[in-house]
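Student: Structure file protein_12.cif, mmCIF, C-alpha atoms, is pasted below:
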```
data_query
loop_
_atom_site.label_atom_id
_atom_site.label_comp_id
_atom_site.auth_asym_id
_atom_site.auth_seq_id
_atom_site.Cartn_x
_atom_site.Cartn_y
_atom_site.Cartn_z
CA MET Q 256 8.34 -7.71 23.86
CA ALA Q 257 11.98 -8.76 23.86
CA GLY Q 258 13.16 -5.59 22.12
CA ASP Q 259 13.41 -2.17 23.73
CA PRO Q 260 11.02 -1.55 26.64
CA ILE Q 261 7.97 0.57 25.88
CA ARG Q 262 9.11 4.19 25.74
CA LEU Q 263 7.52 7.60 25.87
CA GLY Q 264 8.11 10.32 23.32
CA PRO Q 265 8.40 10.20 19.54
CA ILE Q 266 9.16 6.93 17.79
CA ARG Q 267 12.86 6.90 16.89
CA LEU Q 268 12.72 5.79 13.27
CA GLY Q 269 15.27 4.75 10.67
CA VAL Q 270 14.48 4.34 6.97
CA ALA Q 271 15.93 1.56 4.80
CA GLY Q 272 15.62 2.55 1.15
CA LEU Q 273 14.98 6.06 -0.21
CA GLY Q 274 13.10 5.04 -3.35
CA ARG Q 275 9.55 5.54 -4.59
CA ALA Q 276 7.84 4.00 -1.56
CA PHE Q 277 9.80 6.33 0.72
CA MET Q 278 8.84 9.30 -1.47
CA LEU Q 279 5.15 8.47 -1.03
CA MET Q 280 5.57 8.22 2.73
CA LEU Q 281 7.81 11.30 2.97
CA PRO Q 282 4.97 13.78 3.71
CA THR Q 283 3.95 11.55 6.63
CA LEU Q 284 7.48 11.09 7.94
CA ALA Q 285 8.22 14.80 7.66
CA ARG Q 286 5.02 16.06 9.29
CA ASP Q 287 3.86 13.59 11.93
CA PRO Q 288 5.02 14.85 15.35
CA ARG Q 289 4.92 11.31 16.76
CA LEU Q 290 8.03 10.46 14.73
CA ALA Q 291 11.69 11.36 15.13
CA VAL Q 292 13.34 10.35 11.85
CA LEU Q 293 16.96 9.83 12.88
CA ALA Q 294 18.73 7.70 10.27
CA CYS Q 295 18.60 6.16 6.82
CA ALA Q 296 20.33 3.63 4.58
CA ASP Q 297 20.60 3.88 0.81
CA PRO Q 298 23.33 3.12 -1.74
CA ARG Q 299 22.88 6.49 -3.52
CA ALA Q 300 25.08 9.25 -2.14
CA GLU Q 301 22.83 12.05 -3.42
CA ALA Q 302 19.81 10.53 -1.66
CA ARG Q 303 21.73 10.19 1.61
CA ALA Q 304 22.91 13.81 1.35
CA ARG Q 305 19.38 15.05 0.78
CA PHE Q 306 18.12 13.01 3.73
CA THR Q 307 20.56 14.66 6.14
CA GLU Q 308 19.44 18.06 4.82
CA ASP Q 309 15.75 17.17 5.19
CA PHE Q 310 16.17 15.72 8.68
CA PRO Q 311 18.87 17.78 10.44
CA GLY Q 312 21.04 15.73 12.76
CA ALA Q 313 20.06 12.44 11.12
CA ARG Q 314 22.72 9.90 10.20
CA ALA Q 315 23.04 8.39 6.73
CA HIS Q 316 24.35 4.85 6.27
CA GLY Q 317 25.41 3.11 3.08
CA THR Q 318 23.99 -0.28 4.06
CA VAL Q 319 20.96 -1.64 5.86
CA GLU Q 320 23.27 -3.59 8.15
CA ALA Q 321 24.84 -0.35 9.36
CA LEU Q 322 21.40 1.16 9.89
CA CYS Q 323 20.33 -1.84 11.96
CA ALA Q 324 23.42 -1.39 14.15
CA ASP Q 325 22.59 2.28 14.80
CA PRO Q 326 21.79 2.49 18.55
CA SER Q 327 19.75 5.69 18.18
CA ILE Q 328 16.77 4.04 16.49
CA GLU Q 329 14.09 1.69 17.80
CA ALA Q 330 12.18 0.95 14.58
CA ILE Q 331 13.01 0.66 10.89
CA TYR Q 332 10.77 1.44 7.93
CA VAL Q 333 11.88 -1.08 5.28
CA ALA Q 334 11.20 0.51 1.90
CA THR Q 335 13.81 -1.34 -0.14
CA PRO Q 336 12.91 -3.25 -3.35
CA HIS Q 337 10.70 -6.32 -2.83
CA GLN Q 338 13.46 -8.87 -3.21
CA PHE Q 339 15.45 -7.43 -0.29
CA HIS Q 340 12.61 -7.41 2.26
CA VAL Q 341 13.33 -10.79 3.81
CA ALA Q 342 17.03 -10.09 4.42
CA ASP Q 343 16.33 -6.57 5.70
CA VAL Q 344 13.59 -7.67 8.09
CA ARG Q 345 15.80 -10.46 9.41
CA ALA Q 346 18.63 -7.98 9.98
CA ALA Q 347 16.36 -5.51 11.76
CA SER Q 348 14.84 -8.26 13.90
CA ALA Q 349 18.26 -9.59 14.88
CA ALA Q 350 19.15 -6.07 16.01
CA GLY Q 351 15.98 -5.84 18.13
CA LYS Q 352 14.39 -3.15 15.96
CA HIS Q 353 10.65 -3.05 15.33
CA VAL Q 354 9.76 -3.11 11.63
CA LEU Q 355 7.31 -1.44 9.28
CA VAL Q 356 7.87 -3.18 5.91
CA GLU Q 357 6.40 -2.10 2.58
CA LYS Q 358 4.02 -4.21 0.57
CA PRO Q 359 4.26 -6.68 -1.03
CA MET Q 360 5.78 -8.27 2.04
CA ALA Q 361 7.72 -10.73 -0.15
CA LEU Q 362 7.46 -12.60 -3.44
CA ALA Q 363 7.37 -16.10 -1.88
CA LEU Q 364 5.45 -17.51 1.09
CA ALA Q 365 8.61 -19.08 2.48
CA ASP Q 366 10.16 -15.61 2.71
CA CYS Q 367 7.03 -14.26 4.41
CA GLN Q 368 7.20 -17.06 6.96
CA ALA Q 369 10.90 -16.40 7.55
CA MET Q 370 10.08 -12.76 8.31
CA VAL Q 371 7.28 -13.70 10.69
CA ASP Q 372 9.54 -16.21 12.44
CA ALA Q 373 12.39 -13.69 12.74
CA ALA Q 374 10.10 -11.07 14.28
CA ARG Q 375 8.51 -13.56 16.65
CA GLY Q 376 11.88 -14.93 17.71
CA ALA Q 377 13.21 -11.45 18.42
CA GLY Q 378 10.04 -10.33 20.20
CA ILE Q 379 9.60 -7.28 17.99
CA HIS Q 380 6.53 -5.90 16.25
CA LEU Q 381 6.31 -6.48 12.48
CA ILE Q 382 3.81 -4.32 10.58
CA VAL Q 383 3.22 -4.62 6.83
CA GLY Q 384 2.26 -1.47 4.94
CA HIS Q 385 1.43 1.03 3.64
CA SER Q 386 -1.53 -0.42 1.83
CA HIS Q 387 -4.82 1.35 1.33
CA SER Q 388 -6.46 -0.81 4.00
CA PHE Q 389 -4.93 1.69 6.45
CA ASP Q 390 -7.03 4.52 4.96
CA ALA Q 391 -9.53 6.05 7.37
CA PRO Q 392 -12.64 5.73 5.13
CA TYR Q 393 -12.13 1.96 4.81
CA LEU Q 394 -11.52 1.67 8.55
CA ARG Q 395 -14.74 3.62 9.16
CA ALA Q 396 -16.69 1.34 6.81
CA ARG Q 397 -15.24 -1.65 8.68
CA GLU Q 398 -16.57 -0.20 11.95
CA MET Q 399 -20.05 0.19 10.41
CA ILE Q 400 -20.03 -3.40 9.20
CA ARG Q 401 -18.84 -4.76 12.53
CA SER Q 402 -21.55 -2.81 14.37
CA GLY Q 403 -24.24 -4.90 12.66
CA GLU Q 404 -26.35 -1.79 12.07
CA HIS Q 405 -26.95 -2.72 8.44
CA GLY Q 406 -27.04 -6.49 8.79
CA ALA Q 407 -24.43 -8.96 7.66
CA ILE Q 408 -22.08 -8.14 4.83
CA ARG Q 409 -22.95 -10.15 1.72
CA MET Q 410 -20.84 -8.83 -1.17
CA ILE Q 411 -17.87 -6.53 -1.83
CA THR Q 412 -17.06 -4.85 -5.13
CA ALA Q 413 -13.72 -3.15 -5.80
CA VAL Q 414 -12.90 -1.44 -9.12
CA ASN Q 415 -9.90 0.72 -10.00
CA PHE Q 416 -8.86 2.08 -13.41
CA THR Q 417 -5.59 4.04 -13.61
CA ASP Q 418 -2.60 4.75 -15.87
CA TYR Q 419 -0.29 2.61 -13.73
CA LEU Q 420 1.32 0.65 -16.57
CA TYR Q 421 2.50 3.74 -18.44
CA ARG Q 422 4.28 5.54 -15.66
CA PRO Q 423 8.08 5.45 -16.11
CA ARG Q 424 9.48 2.10 -14.93
CA ARG Q 425 12.78 0.38 -14.39
CA PRO Q 426 13.11 -2.95 -16.26
CA GLU Q 427 12.46 -5.08 -13.15
CA GLU Q 428 9.17 -3.23 -12.58
CA LEU Q 429 7.94 -4.64 -15.88
CA ASP Q 430 9.01 -8.21 -15.04
CA THR Q 431 6.41 -10.21 -13.12
CA ALA Q 432 9.05 -12.72 -12.00
CA GLN Q 433 10.85 -9.90 -10.17
CA GLY Q 434 7.68 -8.57 -8.53
CA GLY Q 435 6.75 -6.14 -11.28
CA GLY Q 436 3.36 -5.50 -12.85
CA ALA Q 437 -0.09 -4.75 -11.54
CA VAL Q 438 -0.57 -8.02 -9.67
CA PHE Q 439 2.35 -7.61 -7.27
CA SER Q 440 2.29 -3.81 -7.04
CA GLN Q 441 -1.43 -2.97 -7.12
CA ALA Q 442 -3.43 -6.06 -6.17
CA PRO Q 443 -2.25 -6.02 -2.52
CA HIS Q 444 -4.16 -2.75 -2.04
CA GLN Q 445 -7.47 -4.14 -3.26
CA ILE Q 446 -6.95 -7.50 -1.58
CA GLU Q 447 -6.31 -5.88 1.79
CA VAL Q 448 -9.26 -3.50 1.49
CA VAL Q 449 -11.71 -6.34 0.78
CA ARG Q 450 -10.16 -8.53 3.49
CA LEU Q 451 -10.56 -5.66 5.95
CA LEU Q 452 -14.24 -5.24 5.07
CA ALA Q 453 -15.00 -8.98 4.90
CA GLY Q 454 -13.67 -9.50 8.41
CA ARG Q 455 -13.02 -13.20 7.90
CA PRO Q 456 -10.41 -15.41 6.23
CA ALA Q 457 -10.56 -15.91 2.48
CA ARG Q 458 -11.14 -19.46 1.24
CA SER Q 459 -10.31 -19.41 -2.47
CA ILE Q 460 -9.74 -17.21 -5.51
CA ARG Q 461 -10.40 -17.45 -9.22
CA ALA Q 462 -8.76 -14.88 -11.47
CA ALA Q 463 -7.85 -13.75 -14.97
CA ALA Q 464 -4.76 -11.68 -15.74
CA THR Q 465 -2.89 -11.49 -19.03
CA VAL Q 466 -0.34 -9.28 -20.75
CA TRP Q 467 -2.24 -6.96 -23.09
CA ASP Q 468 0.63 -4.71 -24.14
CA ARG Q 469 3.63 -6.80 -25.18
CA ALA Q 470 5.79 -3.68 -25.23
CA ARG Q 471 5.31 -3.41 -21.46
CA GLY Q 472 5.68 -7.16 -20.92
CA THR Q 473 3.75 -7.60 -17.68
CA GLU Q 474 0.17 -7.84 -16.47
CA GLY Q 475 -1.47 -4.42 -16.38
CA ALA Q 476 -4.97 -5.63 -15.46
CA TYR Q 477 -6.80 -8.43 -13.70
CA ASN Q 478 -10.22 -9.67 -12.64
CA ALA Q 479 -10.66 -11.83 -9.57
CA ILE Q 480 -13.35 -13.22 -7.31
CA ILE Q 481 -12.47 -14.13 -3.74
CA ASP Q 482 -14.70 -16.51 -1.80
CA PHE Q 483 -14.91 -15.77 1.92
CA GLY Q 484 -17.42 -18.53 2.65
CA ASP Q 485 -21.01 -18.43 3.91
CA GLY Q 486 -22.14 -16.68 0.75
CA LEU Q 487 -19.73 -13.73 1.01
CA SER Q 488 -17.58 -12.96 -2.01
CA ALA Q 489 -15.56 -10.03 -3.30
CA THR Q 490 -14.93 -9.09 -6.92
CA LEU Q 491 -11.73 -7.22 -7.75
CA THR Q 492 -11.13 -5.42 -11.04
CA TYR Q 493 -7.99 -3.45 -11.81
CA ASN Q 494 -7.00 -1.88 -15.13
CA GLY Q 495 -3.82 0.19 -15.38
CA HIS Q 496 -3.84 0.80 -19.14
CA GLY Q 497 -4.49 4.53 -18.97
CA HIS Q 498 -7.91 4.95 -20.56
CA PHE Q 499 -10.90 5.33 -18.21
CA ASP Q 500 -9.95 6.57 -14.73
CA THR Q 501 -12.08 5.76 -11.67
CA ASP Q 502 -10.98 9.02 -10.03
CA GLU Q 503 -13.86 10.41 -12.09
CA PHE Q 504 -16.11 8.59 -9.59
CA GLN Q 505 -14.31 10.35 -6.71
CA ASP Q 506 -14.92 13.93 -7.89
CA TRP Q 507 -11.41 13.86 -9.39
CA THR Q 508 -9.70 13.26 -6.08
CA GLY Q 509 -6.52 11.29 -6.74
CA GLU Q 510 -5.20 8.23 -4.95
CA MET Q 511 -3.12 10.41 -2.59
CA GLY Q 512 -6.16 12.52 -1.59
CA LEU Q 513 -5.16 15.49 -3.76
CA PRO Q 514 -7.21 17.17 -6.53
CA ARG Q 515 -6.57 16.00 -10.08
CA ASP Q 516 -7.01 17.85 -13.35
CA PRO Q 517 -9.20 15.78 -15.73
CA ALA Q 518 -7.74 17.78 -18.61
CA ALA Q 519 -4.43 15.96 -18.04
CA TYR Q 520 -5.90 12.87 -19.74
CA GLY Q 521 -3.32 10.76 -21.54
CA THR Q 522 -0.22 12.44 -20.12
CA ALA Q 523 1.34 9.17 -18.87
CA ARG Q 524 1.28 7.55 -22.31
CA ALA Q 525 2.40 10.78 -23.96
CA ALA Q 526 5.47 11.02 -21.72
CA LEU Q 527 6.62 7.58 -22.91
CA ARG Q 528 5.93 8.19 -26.60
CA HIS Q 529 9.46 9.22 -27.44
CA VAL Q 530 11.28 6.82 -25.09
CA THR Q 531 13.31 4.41 -27.21
CA SER Q 532 15.01 2.10 -24.69
CA PRO Q 533 14.63 0.62 -21.18
CA GLU Q 534 17.65 2.68 -20.11
CA GLU Q 535 16.03 5.89 -21.29
CA GLU Q 536 12.80 5.02 -19.46
CA ALA Q 537 14.70 4.22 -16.27
CA ALA Q 538 16.48 7.58 -16.58
CA LEU Q 539 13.09 9.30 -17.00
CA LYS Q 540 11.93 7.72 -13.75
CA GLU Q 541 15.20 8.64 -12.05
CA ARG Q 542 14.46 12.33 -12.62
CA ARG Q 543 11.76 12.03 -9.96
CA ALA Q 544 13.99 10.14 -7.52
CA TYR Q 545 14.62 11.38 -4.02
CA GLY Q 546 17.52 13.81 -4.01
CA ARG Q 547 16.62 15.34 -7.37
CA GLY Q 548 13.31 17.00 -6.65
CA PRO Q 549 11.09 18.19 -3.79
CA GLY Q 550 11.87 16.77 -0.36
CA ALA Q 551 10.81 17.15 3.26
CA THR Q 552 11.06 20.94 3.27
CA GLU Q 553 8.41 21.17 0.58
CA ALA Q 554 6.32 18.49 2.28
CA ARG Q 555 6.30 20.41 5.56
CA ALA Q 556 5.33 23.64 3.80
CA ALA Q 557 2.47 22.08 1.81
CA PRO Q 558 -1.09 22.55 3.09
CA PRO Q 559 -2.77 19.51 4.68
CA PRO Q 560 -4.40 17.22 2.14
CA PRO Q 561 -8.09 17.97 1.62
CA ALA Q 562 -9.03 14.28 1.55
CA TYR Q 563 -7.83 10.79 2.43
CA ASN Q 564 -5.99 8.31 0.24
CA HIS Q 565 -8.20 5.87 -1.67
CA PHE Q 566 -7.99 3.01 -4.15
CA GLY Q 567 -10.82 3.45 -6.58
CA LEU Q 568 -14.48 2.54 -6.24
CA VAL Q 569 -15.36 0.20 -3.36
CA LEU Q 570 -18.86 -0.94 -2.40
CA ALA Q 571 -19.60 -3.07 0.66
CA SER Q 572 -23.08 -4.54 0.29
CA CYS Q 573 -24.77 -5.44 3.56
CA GLU Q 574 -28.26 -6.90 3.99
CA ARG Q 575 -29.84 -3.49 4.59
CA ALA Q 576 -27.42 -1.00 3.02
CA ASP Q 577 -24.60 -0.47 0.57
CA LEU Q 578 -21.58 1.35 2.01
CA ARG Q 579 -19.32 3.35 -0.31
CA PRO Q 580 -16.06 4.62 1.23
CA THR Q 581 -14.93 7.84 -0.43
CA PRO Q 582 -11.89 10.10 0.10
CA ARG Q 583 -13.96 12.23 2.51
CA GLY Q 584 -16.10 9.71 4.38
CA VAL Q 585 -18.59 6.90 3.83
CA ALA Q 586 -21.79 7.14 1.80
CA VAL Q 587 -24.57 4.94 3.19
CA TYR Q 588 -27.39 3.79 0.89
CA ALA Q 589 -29.93 2.20 3.25
CA ASP Q 590 -33.42 0.80 2.67
CA GLU Q 591 -35.23 4.14 2.84
CA THR Q 592 -32.58 6.79 3.40
CA ARG Q 593 -29.29 7.90 1.97
CA ARG Q 594 -26.71 9.72 4.08
CA PHE Q 595 -23.05 10.67 4.11
CA ASP Q 596 -20.89 10.13 7.20
CA ALA Q 597 -18.13 12.69 6.74
CA LEU Q 598 -14.69 12.28 8.27
CA PRO Q 599 -12.64 15.25 9.48
CA ALA Q 600 -10.01 16.22 6.92
CA PRO Q 601 -6.63 14.58 7.55
CA GLY Q 602 -4.03 16.78 9.23
CA VAL Q 603 -1.17 14.53 8.13
CA PRO Q 604 -1.36 12.26 5.07
CA ARG Q 605 -1.32 8.55 5.88
CA ALA Q 606 -1.30 9.26 9.61
CA GLU Q 607 -3.26 6.03 10.04
CA VAL Q 608 -0.03 4.10 9.46
CA ILE Q 609 1.60 5.92 12.37
CA ASP Q 610 -1.53 5.35 14.47
CA GLU Q 611 -0.94 1.60 14.19
CA LEU Q 612 2.82 1.87 14.66
CA GLU Q 613 2.40 4.04 17.75
CA ALA Q 614 -0.24 1.73 19.25
CA ALA Q 615 2.14 -1.21 18.85
CA LEU Q 616 5.31 0.47 20.12
CA ARG Q 617 3.82 2.72 22.79
CA GLY Q 618 0.78 0.70 23.82
CA ASN Q 619 2.04 -2.80 23.00
CA THR Q 620 -1.15 -3.33 21.01
CA PRO Q 621 -0.96 -6.17 18.48
CA PRO Q 622 -1.14 -4.52 15.04
CA LEU Q 623 -3.91 -5.30 12.58
CA HIS Q 624 -1.43 -5.31 9.68
CA SER Q 625 0.88 -7.85 11.29
CA GLY Q 626 3.33 -10.14 9.59
CA GLU Q 627 0.67 -12.85 9.54
CA TRP Q 628 -1.72 -10.38 7.88
CA GLY Q 629 0.88 -9.55 5.23
CA MET Q 630 1.58 -13.22 4.60
CA ALA Q 631 -2.13 -13.89 4.04
CA THR Q 632 -2.20 -11.09 1.46
CA ALA Q 633 0.92 -12.45 -0.25
CA GLU Q 634 -0.72 -15.86 -0.53
CA ILE Q 635 -3.73 -14.34 -2.31
CA VAL Q 636 -1.48 -12.35 -4.68
CA LEU Q 637 0.44 -15.51 -5.61
CA ALA Q 638 -2.81 -17.48 -5.93
CA LEU Q 639 -4.22 -14.78 -8.22
CA LEU Q 640 -1.31 -15.34 -10.61
CA GLN Q 641 -1.59 -19.13 -10.28
CA SER Q 642 -5.31 -19.07 -11.03
CA ALA Q 643 -4.86 -16.73 -13.99
CA ARG Q 644 -2.23 -19.01 -15.51
CA SER Q 645 -4.01 -22.30 -14.81
CA GLY Q 646 -7.59 -21.17 -15.45
CA ARG Q 647 -8.63 -22.85 -12.19
CA GLU Q 648 -9.82 -21.84 -8.74
CA VAL Q 649 -7.06 -21.89 -6.13
CA ARG Q 650 -7.72 -22.82 -2.53
CA LEU Q 651 -6.09 -20.72 0.20
CA HIS Q 652 -4.42 -22.17 3.28
CA HIS Q 653 -2.63 -19.37 5.18
CA GLN Q 654 -5.55 -17.06 5.96
CA GLY Q 655 -5.62 -17.03 9.76
CA ALA Q 656 -5.37 -13.21 9.85
CA ALA Q 657 -8.55 -11.46 8.74
#
```
Could you quickly redo this structure as structure tokens?
Tutor:
Amino acid sequence: MAGDPIRLGPIRLGVAGLGRAFMLMLPTLARDPRLAVLACADPRAEARARFTEDFPGARAHGTVEALCADPSIEAIYVATPHQFHVADVRAASAAGKHVLVEKPMALALADCQAMVDAARGAGIHLIVGHSHSFDAPYLRAREMIRSGEHGAIRMITAVNFTDYLYRPRRPEELDTAQGGGAVFSQAPHQIEVVRLLAGRPARSIRAAATVWDRARGTEGAYNAIIDFGDGLSATLTYNGHGHFDTDEFQDWTGEMGLPRDPAAYGTARAALRHVTSPEEEAALKERRAYGRGPGATEARAAPPPPAYNHFGLVLASCERADLRPTPRGVAVYADETRRFDALPAPGVPRAEVIDELEAALRGNTPPLHSGEWGMATAEIVLALLQSARSGREVRLHHQGAA
């Protein structure tokens, strides 16, 4: 690669954006010994101050440009809002920094291509994630499918019901045009999981997605069918309207691999009941922002998660078995037997992301979740919306990564 030569020791990481995505990755960044978190960039002074407390000796910058110029780091985790990804990845690439960029990669295919071109031109690794296709149970199911033990894969079913739409949001998070809503924020997870299991490029998609709750103003649910050719298809159902919850199918293990209390039913809607304005809702969300609540100290002190991340119910139907990834392993329903292939409990949450980052930066191994992979997912997300609005099947053209 044209960037820094392959090095030994921890990955010297900088973080661009200390928002919600960073908060979800914070337990990983704080606990994985393969990382040295050395710098950040964020416009909020309180977030920068908390970062330097959480990571002693780290530097805090007010802009992404300043972070990219920091000579102490070799890679940048871009966790800024969607609309800034293309500029931030270009800046990091120009500075010779490897990049881990959050999903969705971008809101337009031209921006995705610009990011891929920038990384390729600079000779740096570009990885897109976190999405749930990094999760160990899905990776294990992929290995089983690729082994051929159960015959060819014929059908994939993915279903997830949550309270996504009623969690506190900023106005742009409820505006589809700005990358808000379930399609941009949640569909990439399901799309990448089924792409991972299918193991081949998608050909087309047909979908339905409408705004059910006008007070929220964006799509909170969708149905889609993706054609992978040769008789293989995947159905995707997502509903974020806060009624049924598919965590019930996972023994009440939540998306982050932590136990949930089923008695907490309806709490998301209830918390919004007395909110009277978008500003008040944004302020409610801000109370959970980095710098105002638990940080890395609490993350380091917390016990290891008992289970892996997941994204609802997934079934991979092969010719001789159905495979059901769960937060603790993979259930196999074969012709005459049923078994459970357990995975060891995770020591660090989302360590699989760092596995891929380390393999790329320390082993120069091309990442699975490359820029091309992320662009293929973005195309399907955009095609899902196009199909839902037109009522027609949409052909896919940028699916080289599978």
Student: Of the residues Q:Val530, Q:Ala396, Q:Ala556, Q:Ala464, which is the one nearest to Thr431 of chain Q, using all atoms listed in the file?
Tutor: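 With all atoms listed in the file as the atom set, the closest residue is Q:Ala464.
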Student: Report as number ranges by chain all protein, DNA and RNA residues lying within 7 Å of Pro580 of chain Q, evaluated on only C-alpha atoms, omitting residues in the same chain fewer than 2 positions from it.
Tutor: Q: 392-393, 396, 569, 578, 582, 584-586
Student: Let me know the residues the PyMOL selection byres ((chain Q and resi 385) around 6) catches in the file above, as a short mmCIF file (atom, residue, chain, number, x, y, z; two decimals) with C-alpha atoms, keeping the file's coordinate frame.
Tutor:
```cif
data_model
loop_
_atom_site.label_atom_id
_atom_site.label_comp_id
_atom_site.auth_asym_id
_atom_site.auth_seq_id
_atom_site.Cartn_x
_atom_site.Cartn_y
_atom_site.Cartn_z
CA GLU Q 357 6.40 -2.10 2.58
CA GLY Q 384 2.26 -1.47 4.94
CA SER Q 386 -1.53 -0.42 1.83
#
```
Student: Step by step, work through what the PyMOL selection byres ((chain Q and resi 300) around 12) selects in the shown file, and finish by giving those residues as a ChimeraX atom specification.
Tutor: /Q:273,295-299,301-307,315-318,545-547
Student: Rounded to one decimal place, report the atom CA of Gln641 of chain Q-atom CA of Val371 of chain Q distance in Å.
Tutor: 23.4 Å
Student: Q:Arg450, Q:His405, Q:Arg395, Q:His337: which is nearest Gln654 of chain Q, counting only C-alpha atoms?
Tutor: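 Nearest to Gln654 of chain Q: Q:Arg450.
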Student: How many Å lie between atom CA of Ala347 of chain Q and atom CA of Leu623 of chain Q, rounded to one decimal?
Tutor: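 About the pair atom CA of Ala347 of chain Q and atom CA of Leu623 of chain Q: they are 20.3 Å apart.
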Student: Using all atoms listed in the file, what residues lie at most 12 Å away from (-1.8, -7.0, -8.8) (file coordinates), given as a ChimeraX atom specification?
Tutor: /Q:358-359,415,419-420,431,434-447,462-465,473-479,491-495,632-633,635-640,643
Student: Please write as JSON, numbers by chain the full residue list that the PyMOL selection byres ((chain Q and resi 600) around 6) yields on this file.
Tutor: {"Q": [561, 562, 599, 601]}
Student: Restricting the calculation to all atoms listed in the file: of Q:Pro517, Q:Tyr563, Q:Val449, Q:Met410, which residue gets closest to Leu487 of chain Q?
Tutor: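 Of all the options, Q:Met410 lies closest to Leu487 of chain Q.
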Student: Hey, which of Q:His340, Q:Arg461, Q:Arg289, Q:Arg528 ends up closest to Ser645 of chain Q? Count all atoms listed in the file.
Tutor: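 Using all atoms listed in the file, Ser645 of chain Q sits closest to Q:Arg461.
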Student: Between atom CA of Ala489 of chain Q and atom CA of Ala413 of chain Q, what is the distance, to one decimal in Å?
Tutor: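 It comes out at 7.5 Å.
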Student: Taking only C-alpha atoms into account, which of Q:Met360, Q:His498, Q:Ile400, Q:Ala324 comes nearest Gly626 of chain Q?
Tutor: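 Once distances to Gly626 of chain Q are computed over only C-alpha atoms, the minimum belongs to Q:Met360.
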Student: Which residue gives the smallest distance to Leu513 of chain Q among Q:Arg594, Q:His565, Q:Arg617, Q:His624, with only C-alpha atoms counted?
Tutor: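 Looking at the shortest contact to Leu513 of chain Q, the residue is Q:His565.
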Student: Any chance you could build segment 429-444 of chain Q out to N, CA and C atoms and write it as an mmCIF file, keeping the file's coordinate frame?
Tutor:
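The resulting file, part-v3.cif, is reproduced below:
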```cif
data_model
loop_
_atom_site.group_PDB
_atom_site.id
_atom_site.type_symbol
_atom_site.label_atom_id
_atom_site.label_comp_id
_atom_site.auth_asym_id
_atom_site.auth_seq_id
_atom_site.Cartn_x
_atom_site.Cartn_y
_atom_site.Cartn_z
ATOM 1 N N LEU Q 429 8.744 -4.110 -14.794
ATOM 2 C CA LEU Q 429 7.940 -4.640 -15.880
ATOM 3 C C LEU Q 429 8.174 -6.142 -16.062
ATOM 4 N N ASP Q 430 8.719 -6.775 -15.030
ATOM 5 C CA ASP Q 430 9.010 -8.210 -15.040
ATOM 6 C C ASP Q 430 8.262 -8.844 -13.868
ATOM 7 N N THR Q 431 7.218 -9.597 -14.178
ATOM 8 C CA THR Q 431 6.410 -10.210 -13.120
ATOM 9 C C THR Q 431 7.258 -11.093 -12.212
ATOM 10 N N ALA Q 432 8.217 -11.805 -12.786
ATOM 11 C CA ALA Q 432 9.050 -12.720 -12.000
ATOM 12 C C ALA Q 432 9.851 -11.981 -10.936
ATOM 13 N N GLN Q 433 10.103 -10.700 -11.146
ATOM 14 C CA GLN Q 433 10.850 -9.900 -10.170
ATOM 15 C C GLN Q 433 9.926 -9.029 -9.309
ATOM 16 N N GLY Q 434 8.628 -9.324 -9.354
ATOM 17 C CA GLY Q 434 7.680 -8.570 -8.530
ATOM 18 C C GLY Q 434 7.123 -7.357 -9.219
ATOM 19 N N GLY Q 435 7.290 -7.265 -10.547
ATOM 20 C CA GLY Q 435 6.750 -6.140 -11.280
ATOM 21 C C GLY Q 435 5.320 -6.399 -11.739
ATOM 22 N N GLY Q 436 4.711 -5.373 -12.313
ATOM 23 C CA GLY Q 436 3.360 -5.500 -12.850
ATOM 24 C C GLY Q 436 2.280 -5.203 -11.840
ATOM 25 N N ALA Q 437 1.049 -5.154 -12.361
ATOM 26 C CA ALA Q 437 -0.090 -4.750 -11.540
ATOM 27 C C ALA Q 437 -0.412 -5.740 -10.435
ATOM 28 N N VAL Q 438 -0.162 -7.028 -10.662
ATOM 29 C CA VAL Q 438 -0.570 -8.020 -9.670
ATOM 30 C C VAL Q 438 0.223 -7.858 -8.378
ATOM 31 N N PHE Q 439 1.542 -7.756 -8.477
ATOM 32 C CA PHE Q 439 2.350 -7.610 -7.270
ATOM 33 C C PHE Q 439 2.276 -6.200 -6.685
ATOM 34 N N SER Q 440 2.198 -5.185 -7.533
ATOM 35 C CA SER Q 440 2.290 -3.810 -7.040
ATOM 36 C C SER Q 440 0.946 -3.194 -6.664
ATOM 37 N N GLN Q 441 -0.128 -3.608 -7.341
ATOM 38 C CA GLN Q 441 -1.430 -2.970 -7.120
ATOM 39 C C GLN Q 441 -2.442 -3.886 -6.437
ATOM 40 N N ALA Q 442 -2.435 -5.168 -6.768
ATOM 41 C CA ALA Q 442 -3.430 -6.060 -6.170
ATOM 42 C C ALA Q 442 -3.392 -6.101 -4.645
ATOM 43 N N PRO Q 443 -2.210 -6.000 -3.987
ATOM 44 C CA PRO Q 443 -2.250 -6.020 -2.520
ATOM 45 C C PRO Q 443 -3.160 -4.953 -1.917
ATOM 46 N N HIS Q 444 -3.269 -3.788 -2.565
ATOM 47 C CA HIS Q 444 -4.160 -2.750 -2.040
ATOM 48 C C HIS Q 444 -5.603 -3.228 -2.040
#
```
